Amino acid sequence: MINKILLHQKIHASGNYNTGSYVPPPTYTSASFYIIAGQSNCGRAEISQMSASQKAIYATGSVPNQYIFNPGYSASINKFNPLTPGTNTMLYNWNNLDEFGPETALSTLFASASSQPRYYLKYGIGSTFLSGSAPLDWYPADTYNNNLKAYINNAVQQLKGQYINPTLKAVIWMQGENDATVSASAYYYGDNLTYFFKDFDSWWVNAYQLLNIPSSSYEKVIGRISSFGDGTEVYRSNVRAAQLNYTSTASNNATMINTDNYPTASDGTHYNATGQIQFGTDIYGVIKNL
């Protein structure tokens, strides 16, 4: 009897058991997936700083068909939520709950162009280094790097559970201001950035093989640090040169966003509401056709 039951289960699972109760395997749809990571210029601006005309465009509630996974918003229950600027767009170590970054203008522009659902993961942490000088850095195997990968894995599995195959379109990296304050961190920024993405590339290939999602070629979008009003970033030129060099190397599949003209808050470092809107708009110009 046991063998007959097992045989029945095997035949039924194969779809060859002709009883009329066969349930076909689920059909997966593909959806664009974007990762935004780095430090505080991933979004320290606030909705309250927007002008009335900006709020009328970018702060009217959830952006249609756009979804965000942001551990800064839902650290205890990490999941995708409708992307709502000023509600779930803050940094991981937020100062104000209504913070937002480039995802606000980026998602709004995508939603205006198409009804296609899109998914974003945001993990921005202020005052962080790439250099590996402390265990909380973004350097491969350090805490923030490991956390980023864990969040991505979680996000992908959630989408798979909804029969969605995420197609990674872009990794948006806005970081380097802290490294510009330390001579050694700035000097080795180019090497560290190269290693960061080399490690990520290898990890992502392994991830999509394990999670059975289609492979995809993605763009690396690097926001070039500016923050000229911050007198502590005495080695800024080293970091900026490294970012330019990385994005100028064709094999890296990377594009640099020039942030030099973005207006900042009074601290001279963080892009204000207008600056973050422009940042998202410039990113859209780079990746809209991917």
# chains A, B, ... in the order shown; residues from 1 in each chain; ligands from 1
>>> select_by_dssp(residues="region 5-144 of chain A", states="strand (DSSP E)", output="number ranges by chain")
A: 29-38, 45-46, 66-69, 80-82, 99-100, 118-124
>>> write_last_selection(atoms="N, CA and C atoms", output="PDB file, in the first residue's frame")
ATOM      1  N   THR A  29       6.265  35.741 -13.978  1.00  0.00           N
ATOM      2  CA  THR A  29       6.434  36.955 -14.759  1.00  0.00           C
ATOM      3  C   THR A  29       7.768  37.596 -14.375  1.00  0.00           C
ATOM      4  N   SER A  30       8.311  38.381 -15.251  1.00  0.00           N
ATOM      5  CA  SER A  30       9.564  39.081 -14.971  1.00  0.00           C
ATOM      6  C   SER A  30       9.265  40.527 -14.610  1.00  0.00           C
ATOM      7  N   ALA A  31      10.060  41.065 -13.703  1.00  0.00           N
ATOM      8  CA  ALA A  31       9.880  42.455 -13.289  1.00  0.00           C
ATOM      9  C   ALA A  31      11.242  43.087 -13.023  1.00  0.00           C
ATOM     10  N   SER A  32      11.340  44.359 -13.326  1.00  0.00           N
ATOM     11  CA  SER A  32      12.589  45.085 -13.130  1.00  0.00           C
ATOM     12  C   SER A  32      12.850  45.306 -11.642  1.00  0.00           C
ATOM     13  N   PHE A  33      14.114  45.167 -11.267  1.00  0.00           N
ATOM     14  CA  PHE A  33      14.539  45.238  -9.873  1.00  0.00           C
ATOM     15  C   PHE A  33      15.744  46.171  -9.790  1.00  0.00           C
ATOM     16  N   TYR A  34      15.737  47.066  -8.810  1.00  0.00           N
ATOM     17  CA  TYR A  34      16.792  48.066  -8.655  1.00  0.00           C
ATOM     18  C   TYR A  34      17.274  48.080  -7.207  1.00  0.00           C
ATOM     19  N   ILE A  35      18.565  48.238  -7.026  1.00  0.00           N
ATOM     20  CA  ILE A  35      19.159  48.306  -5.697  1.00  0.00           C
ATOM     21  C   ILE A  35      19.782  49.681  -5.509  1.00  0.00           C
ATOM     22  N   ILE A  36      19.455  50.326  -4.405  1.00  0.00           N
ATOM     23  CA  ILE A  36      20.030  51.625  -4.042  1.00  0.00           C
ATOM     24  C   ILE A  36      20.749  51.431  -2.718  1.00  0.00           C
ATOM     25  N   ALA A  37      22.047  51.699  -2.695  1.00  0.00           N
ATOM     26  CA  ALA A  37      22.820  51.462  -1.474  1.00  0.00           C
ATOM     27  C   ALA A  37      23.931  52.498  -1.343  1.00  0.00           C
ATOM     28  N   GLY A  38      24.422  52.629  -0.120  1.00  0.00           N
ATOM     29  CA  GLY A  38      25.511  53.572   0.144  1.00  0.00           C
ATOM     30  C   GLY A  38      25.296  54.292   1.453  1.00  0.00           C
ATOM     31  N   ALA A  45      17.262  64.020   2.438  1.00  0.00           N
ATOM     32  CA  ALA A  45      16.294  65.090   2.195  1.00  0.00           C
ATOM     33  C   ALA A  45      14.944  64.712   2.782  1.00  0.00           C
ATOM     34  N   GLU A  46      14.085  65.704   2.981  1.00  0.00           N
ATOM     35  CA  GLU A  46      12.785  65.463   3.611  1.00  0.00           C
ATOM     36  C   GLU A  46      11.650  65.991   2.723  1.00  0.00           C
ATOM     37  N   GLN A  66       4.783  50.735  -8.119  1.00  0.00           N
ATOM     38  CA  GLN A  66       6.177  50.788  -7.679  1.00  0.00           C
ATOM     39  C   GLN A  66       6.231  50.289  -6.234  1.00  0.00           C
ATOM     40  N   TYR A  67       7.197  49.399  -5.941  1.00  0.00           N
ATOM     41  CA  TYR A  67       7.256  48.755  -4.638  1.00  0.00           C
ATOM     42  C   TYR A  67       8.676  48.815  -4.079  1.00  0.00           C
ATOM     43  N   ILE A  68       8.777  49.007  -2.768  1.00  0.00           N
ATOM     44  CA  ILE A  68      10.091  49.159  -2.155  1.00  0.00           C
ATOM     45  C   ILE A  68      10.248  48.227  -0.957  1.00  0.00           C
ATOM     46  N   PHE A  69      11.432  47.671  -0.865  1.00  0.00           N
ATOM     47  CA  PHE A  69      11.869  46.876   0.282  1.00  0.00           C
ATOM     48  C   PHE A  69      12.907  47.735   0.995  1.00  0.00           C
ATOM     49  N   PHE A  80       8.183  43.933   0.728  1.00  0.00           N
ATOM     50  CA  PHE A  80       7.896  44.983  -0.236  1.00  0.00           C
ATOM     51  C   PHE A  80       6.596  45.679   0.150  1.00  0.00           C
ATOM     52  N   ASN A  81       6.615  47.000   0.054  1.00  0.00           N
ATOM     53  CA  ASN A  81       5.439  47.825   0.283  1.00  0.00           C
ATOM     54  C   ASN A  81       5.274  48.771  -0.894  1.00  0.00           C
ATOM     55  N   PRO A  82       4.072  49.243  -1.172  1.00  0.00           N
ATOM     56  CA  PRO A  82       3.923  50.283  -2.195  1.00  0.00           C
ATOM     57  C   PRO A  82       4.838  51.460  -1.871  1.00  0.00           C
ATOM     58  N   GLU A  99      12.140  61.252   5.275  1.00  0.00           N
ATOM     59  CA  GLU A  99      13.298  61.317   4.372  1.00  0.00           C
ATOM     60  C   GLU A  99      12.997  60.600   3.054  1.00  0.00           C
ATOM     61  N   PHE A 100      13.678  61.059   2.008  1.00  0.00           N
ATOM     62  CA  PHE A 100      13.550  60.397   0.707  1.00  0.00           C
ATOM     63  C   PHE A 100      14.836  60.595  -0.073  1.00  0.00           C
ATOM     64  N   ARG A 118       7.495  47.713 -10.835  1.00  0.00           N
ATOM     65  CA  ARG A 118       8.942  47.757 -10.611  1.00  0.00           C
ATOM     66  C   ARG A 118       9.214  47.662  -9.118  1.00  0.00           C
ATOM     67  N   TYR A 119      10.384  47.095  -8.805  1.00  0.00           N
ATOM     68  CA  TYR A 119      10.716  46.799  -7.417  1.00  0.00           C
ATOM     69  C   TYR A 119      12.082  47.382  -7.057  1.00  0.00           C
ATOM     70  N   TYR A 120      12.163  47.964  -5.859  1.00  0.00           N
ATOM     71  CA  TYR A 120      13.368  48.639  -5.401  1.00  0.00           C
ATOM     72  C   TYR A 120      13.767  48.114  -4.025  1.00  0.00           C
ATOM     73  N   LEU A 121      15.055  47.955  -3.814  1.00  0.00           N
ATOM     74  CA  LEU A 121      15.585  47.687  -2.485  1.00  0.00           C
ATOM     75  C   LEU A 121      16.493  48.853  -2.116  1.00  0.00           C
ATOM     76  N   LYS A 122      16.249  49.447  -0.958  1.00  0.00           N
ATOM     77  CA  LYS A 122      17.045  50.586  -0.515  1.00  0.00           C
ATOM     78  C   LYS A 122      17.690  50.278   0.825  1.00  0.00           C
ATOM     79  N   TYR A 123      19.013  50.478   0.887  1.00  0.00           N
ATOM     80  CA  TYR A 123      19.747  50.263   2.133  1.00  0.00           C
ATOM     81  C   TYR A 123      20.841  51.327   2.217  1.00  0.00           C
ATOM     82  N   GLY A 124      20.465  52.496   2.690  1.00  0.00           N
ATOM     83  CA  GLY A 124      21.401  53.611   2.821  1.00  0.00           C
ATOM     84  C   GLY A 124      21.683  53.887   4.291  1.00  0.00           C
TER      85      GLY A 124
END
>>> residues_around(residues="Tyr73 (chain A)", least_positions_apart="2", cutoff="7 Å", atoms="only C-alpha atoms", output="JSON, numbers by chain")
{"A": [70, 71, 75, 88, 90]}
>>> select_by_dssp(residues="region 236-290 of chain A", states="alpha helix (DSSP H)", output="PyMOL selection string")
chain A and resi 236-248+273-287
>>> atom_distance(atom1="CA of Pro24 (chain A)", atom2="CA of Ala155 (chain A)")
25.4 Å
>>> atom_distance(atom1="CA of Ser215 (chain A)", atom2="CA of Thr89 (chain A)")
27.7 Å
>>> atom_distance(atom1="CA of Thr87 (chain A)", atom2="CA of Ala59 (chain A)")
9.7 Å
>>> closest_atom_pairs(of="region 164-218 of chain A", to="region 258-280 of chain A", cutoff="12 Å", atoms="only C-alpha atoms", output="tab-separated table")
residue	atom	partner	partner_atom	distance
A:Ile172	CA	A:Gly280	CA	10.3
A:Trp173	CA	A:Phe279	CA	11.9
A:Met174	CA	A:Thr259	CA	10.3
A:Gln175	CA	A:His270	CA	11.6
A:Gly176	CA	A:Thr269	CA	11.6
A:Glu177	CA	A:Thr269	CA	8.4
A:Asn178	CA	A:Thr269	CA	10.8
>>> residues_around(residues="region 136-151 of chain A", least_positions_apart="4", cutoff="8 Å", atoms="only C-alpha atoms", output="PyMOL selection string")
chain A and resi 71+123+128-132+155+192+195-196+199
